[in-house]
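**Student:** This is the content of coords_24.txt (compact mmCIF, C-alpha atoms):
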```txt
# COMPACT_ATOMS: atom_id res chain seq x y z
CA MET X 110 88.05 102.83 58.61
CA ASN X 111 89.34 101.19 55.43
CA THR X 112 90.66 104.10 53.34
CA SER X 113 91.32 101.80 50.37
CA ARG X 114 87.54 101.80 49.76
CA GLN X 115 87.34 105.60 49.75
CA ILE X 116 87.07 107.70 46.61
CA VAL X 117 87.29 111.47 46.40
CA HIS X 118 84.11 112.86 44.85
CA GLN X 119 84.72 114.60 41.52
CA ALA X 120 82.68 117.50 40.11
CA ASP X 121 81.77 115.58 36.95
CA MET X 122 80.37 112.52 38.80
CA LYS X 123 76.73 111.92 37.99
CA SER X 124 74.33 110.96 40.76
CA THR X 125 73.90 107.46 39.27
CA GLU X 126 77.67 106.95 39.50
CA VAL X 127 77.70 108.11 43.13
CA LEU X 128 74.90 105.66 44.01
CA ARG X 129 76.63 102.82 42.10
CA LEU X 130 79.89 103.45 43.99
CA TYR X 131 78.07 103.23 47.33
CA ALA X 132 76.30 100.04 46.20
CA ASP X 133 79.72 98.63 45.28
CA GLY X 134 80.95 99.26 48.83
CA TYR X 135 82.89 102.49 48.34
CA ARG X 136 82.66 105.54 50.60
CA LEU X 137 82.96 109.00 49.03
CA VAL X 138 85.02 111.87 50.45
CA CYS X 139 84.33 115.57 49.85
CA ARG X 140 86.95 116.98 47.47
CA TYR X 141 86.93 120.29 49.39
CA CYS X 142 86.59 119.29 53.06
CA LYS X 143 88.44 115.96 52.75
CA ILE X 144 85.88 114.26 55.03
CA GLU X 145 83.55 111.38 54.30
CA PHE X 146 80.03 112.19 53.14
CA THR X 147 77.08 111.51 55.45
CA THR X 148 74.58 108.91 54.20
CA ILE X 149 71.13 107.71 55.15
CA PRO X 150 71.06 104.96 56.09
CA GLU X 151 74.41 105.41 57.81
CA THR X 152 75.39 101.75 57.31
CA LEU X 153 74.70 100.20 53.93
CA SER X 154 74.22 96.54 53.15
CA PRO X 155 76.16 95.10 50.18
CA GLY X 156 74.47 96.26 46.98
CA GLU X 157 72.42 98.92 48.78
CA ALA X 158 72.54 102.54 47.66
CA PRO X 159 71.80 105.38 50.11
CA MET X 160 68.63 107.50 50.04
CA PHE X 161 70.63 110.58 51.05
CA VAL X 162 74.26 111.69 50.55
CA SER X 163 75.62 115.00 51.80
CA CYS X 164 78.82 116.76 52.81
CA PRO X 165 78.48 117.15 56.59
CA LYS X 166 80.20 120.55 56.57
CA ASN X 167 78.68 122.19 53.50
CA MET X 168 75.66 120.89 51.60
CA ASN X 169 76.72 122.97 48.59
CA HIS X 170 79.63 120.54 48.14
CA MET X 171 77.30 117.52 47.87
CA HIS X 172 73.61 117.03 48.47
CA LEU X 173 71.81 114.07 46.88
CA VAL X 174 68.36 112.80 47.86
CA THR X 175 66.83 109.72 46.22
CA ASP X 176 63.74 107.65 46.78
CA PRO X 177 64.08 104.24 48.39
CA ALA X 178 63.57 101.31 46.03
CA HIS X 179 59.99 100.73 47.20
CA ALA X 180 58.97 104.40 46.83
CA MET X 181 57.83 104.06 43.22
CA ARG X 182 55.12 101.64 44.34
CA GLY X 183 53.86 104.40 46.64
CA VAL X 184 54.06 106.97 43.85
CA ARG X 185 52.05 104.70 41.54
CA ALA X 186 49.52 104.06 44.30
CA ARG X 187 49.14 107.82 44.92
CA MET X 188 48.66 108.34 41.19
CA ASN X 189 45.95 105.68 41.26
CA LEU X 190 44.36 107.47 44.23
CA ARG X 191 44.31 110.66 42.22
CA ASP X 192 42.77 108.82 39.26
CA GLY X 193 40.23 106.98 41.43
CA VAL X 194 41.64 103.47 40.82
CA VAL X 195 40.85 101.21 43.77
CA SER X 196 42.23 97.71 44.17
CA PRO X 197 39.56 95.05 44.67
CA LYS X 198 41.97 93.23 47.04
CA ALA X 199 41.77 95.90 49.75
CA HIS X 200 41.19 94.08 53.04
CA MET X 201 42.39 96.82 55.34
CA LYS X 202 40.00 99.54 56.42
CA VAL X 203 40.70 103.08 57.64
CA VAL X 204 39.20 103.46 61.12
CA ASP X 205 40.62 106.85 62.16
CA HIS X 206 42.96 109.54 60.85
CA GLU X 207 44.58 112.88 61.53
CA PRO X 208 44.78 114.90 58.29
CA HIS X 209 48.29 115.11 56.83
CA PHE X 210 49.75 113.15 59.75
CA TRP X 211 48.50 109.59 60.25
CA PHE X 212 45.99 106.86 59.36
CA LEU X 213 44.83 104.11 61.71
CA LEU X 214 43.84 100.98 59.82
CA GLU X 215 42.31 97.66 60.81
CA GLU X 216 42.77 94.28 59.17
CA ALA X 217 41.42 91.06 60.62
CA GLY X 218 41.28 92.58 64.10
CA ALA X 219 44.84 93.93 64.00
CA LEU X 220 45.43 97.69 64.13
CA PHE X 221 48.09 99.44 62.04
CA LEU X 222 49.30 103.02 62.42
CA ASP X 223 50.72 104.71 59.31
CA VAL X 224 52.56 107.93 60.25
CA ASN X 225 53.69 110.58 57.78
CA CYS X 226 57.06 111.59 59.27
CA SER X 227 59.13 114.59 58.26
CA HIS X 228 62.61 115.62 59.37
CA SER X 229 63.65 118.79 57.56
CA PHE X 230 64.34 117.64 53.99
CA LEU X 231 63.49 113.96 54.59
CA GLY X 232 59.88 112.74 54.54
CA TYR X 233 58.82 109.12 54.87
CA SER X 234 55.97 106.89 55.94
CA PHE X 235 56.42 104.68 59.01
CA LEU X 236 53.92 101.86 59.57
CA ILE X 237 53.63 99.81 62.75
CA GLN X 238 51.20 97.16 63.90
CA LEU X 239 49.90 98.10 67.33
CA ASN X 240 50.85 95.53 69.94
CA THR X 241 48.36 94.21 72.51
CA ASN X 242 49.14 96.96 75.03
CA GLU X 243 48.89 99.74 72.43
CA SER X 244 45.62 98.31 71.06
CA ALA X 245 44.13 98.23 74.57
CA LYS X 246 45.19 101.84 75.18
CA TYR X 247 43.62 102.88 71.87
CA ARG X 248 40.33 101.23 72.88
CA GLU X 249 40.46 103.11 76.21
CA GLN X 250 41.76 106.52 75.06
CA GLY X 251 40.83 106.61 71.37
CA HIS X 252 42.09 109.24 68.95
CA ASP X 253 44.23 111.04 71.54
CA PHE X 254 46.31 107.91 72.24
CA ILE X 255 46.98 107.38 68.52
CA ASN X 256 47.89 111.05 68.10
CA LYS X 257 50.41 110.80 70.98
CA THR X 258 51.84 107.58 69.55
CA ALA X 259 52.22 109.16 66.10
CA GLN X 260 53.98 112.15 67.67
CA ALA X 261 56.32 109.80 69.54
CA ILE X 262 57.19 108.01 66.29
CA GLN X 263 57.81 111.34 64.55
CA TYR X 264 59.98 112.80 67.30
CA THR X 265 62.07 109.66 67.97
CA ALA X 266 63.00 109.27 64.25
CA PRO X 267 63.12 105.45 64.24
CA ILE X 268 64.62 105.17 60.72
CA PHE X 269 67.94 106.69 61.79
CA GLN X 270 70.64 104.25 62.89
CA ALA X 271 71.56 106.30 65.97
CA SER X 272 67.92 106.57 67.08
CA GLN X 273 66.97 105.06 70.44
CA SER X 274 63.30 105.00 69.40
CA PRO X 275 61.17 102.25 70.97
CA TYR X 276 59.59 101.91 67.50
CA LYS X 277 62.88 101.10 65.77
CA GLY X 278 62.67 97.79 63.94
CA ARG X 279 58.87 97.80 63.80
CA ASP X 280 58.41 99.44 60.37
CA LEU X 281 56.14 97.37 58.13
CA SER X 282 55.94 99.90 55.29
CA GLN X 283 57.61 97.76 52.66
CA SER X 284 55.58 94.61 53.28
CA HIS X 285 52.18 96.31 53.83
CA ARG X 286 52.40 99.47 51.69
CA ASP X 287 50.19 98.22 48.83
CA ARG X 288 47.41 97.15 51.21
CA VAL X 289 47.60 100.42 53.13
CA MET X 290 47.44 102.47 49.93
CA ALA X 291 44.47 100.42 48.68
CA ALA X 292 42.63 100.91 51.98
CA VAL X 293 43.23 104.66 51.91
CA ALA X 294 42.11 104.78 48.27
CA ALA X 295 38.89 102.92 49.14
CA TRP X 296 38.28 105.23 52.10
CA ARG X 297 38.85 108.34 49.99
CA ALA X 298 36.59 106.97 47.24
CA GLY X 299 33.82 106.65 49.84
CA SER X 300 33.44 102.88 49.74
CA ASP X 301 34.22 102.76 53.47
CA GLU X 302 32.46 104.95 56.01
CA GLN X 303 34.78 107.85 56.75
CA PRO X 304 35.73 108.10 60.43
```
Once you've parsed the file, please lay out its structure as structure tokens.

**Tutor:**
Amino acid sequence: MNTSRQIVHQADMKSTEVLRLYADGYRLVCRYCKIEFTTIPETLSPGEAPMFVSCPKNMNHMHLVTDPAHAMRGVRARMNLRDGVVSPKAHMKVVDHEPHFWFLLEEAGALFLDVNCSHSFLGYSFLIQLNTNESAKYREQGHDFINKTAQAIQYTAPIFQASQSPYKGRDLSQSHRDRVMAAVAAWRAGSDEQP
């Protein structure tokens, strides 16, 4: 580990300064424990700020949770859902769902599973396109297969670097989020038949 890129966290550091330091390639060390803070993601690309920073020994020393850069689009979309605004460009359609857990969507014959994952303090949406095998199993087993797949995504935590999840690397949330949100908005507004 390159200790020349480490900075001891100070009590008067604002959260924006902490995030800027991480984006600039620095790693912060707890001023009490003298150990490096834990971040999510664990490895950051140049210019990337973490979504989560915490002292691994005592969260009272440091605990910072931020939204990923694309989260505001989701917040705006949810606000539009609340206000009944539906995008006319919605091509996806909700075909099944489990309340508060997942939506199954279809677009041009392809199936997409959007899972609402939660790990203690961290909640996120994880979207995959079902592959040929998964699509065939859904057509055979229906809702139960999708429920089991959503549970597998939740329990294998594919967003974590150390995860061995078979779903790791399949997240399409950033590239498809607007279409998913529009499809859910249309479904909730009643323009699609509710499954």

**Student:** Between X:Leu222, X:Ala298, X:Met171, X:Leu281, which one has atoms that come closest to Cys142 of chain X, using only C-alpha atoms?

**Tutor:**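 Of X:Leu222, X:Ala298, X:Met171, X:Leu281, the one nearest Cys142 of chain X is X:Met171, counting only C-alpha atoms.
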
**Student:** Taking all atoms listed in the file into account, which of X:Glu126, X:Thr258, X:Val224, X:Tyr247 comes nearest Asp280 of chain X?

**Tutor:**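 Checking each of X:Glu126, X:Thr258, X:Val224, X:Tyr247 against Asp280 of chain X, counting all atoms listed in the file, the winner is X:Val224.
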
**Student:** Any idea what the distance is between atom CA of Met290 of chain X and atom CA of Val162 of chain X?

**Tutor:** 28.4 Å

**Student:** Work out how far atom CA of His209 of chain X is from atom CA of Asn225 of chain X, in Å to one decimal.

**Tutor:**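 Distance between the two atoms: 7.1 Å.
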
**Student:** Just the number, please: distance in Å from atom CA of Asn240 of chain X to atom CA of Ile262 of chain X, one decimal.

**Tutor:**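 Between atom CA of Asn240 of chain X and atom CA of Ile262 of chain X the gap is 14.5 Å.
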
**Student:** Between X:Ser229, X:Thr152, X:Thr147, X:Gln273, single out the one closest to Leu173 of chain X, counting all atoms listed in the file.

**Tutor:**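 The shortest atom-to-atom distance to Leu173 of chain X comes from X:Thr147.
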
**Student:** Name the residues within 7 Å of (73.2, 104.1, 61.6), counting all atoms listed in the file in the file's coordinates, and put them as a list in words.

**Tutor:**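 Output: Pro150, Glu151, Thr152, Phe269, Gln270 and Ala271 of chain X.
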
**Student:** To box segment 237-245 of chain X, take all atoms listed in the file, fit an axis-aligned box, add 4 Å on each side, and give centre and edge lengths in Å to one decimal, as AutoDock Vina command-line options.

**Tutor:**
```
--center_x 48.9 --center_y 97.0 --center_z 68.9 --size_x 17.5 --size_y 13.6 --size_z 20.3
```

**Student:** Name all residues at most 12 Å from Gly251 of chain X (count only C-alpha atoms; drop same-chain ones fewer than 6 positions away) and give them as a list in words.

**Tutor:**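 Skipping anything fewer than 6 positions along the chain leaves Val204, Asp205, His206, Leu213, Glu243, Ser244, Ala245, Lys257 and Thr258 of chain X.
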
**Student:** What's around His228 of chain X at 10 Å? Count all atoms listed in the file, leave out sequence neighbours fewer than 2 positions away in its own chain, and write the answer as a PyMOL selection string.

**Tutor:** chain X and resi 226+230-233+263-264+266
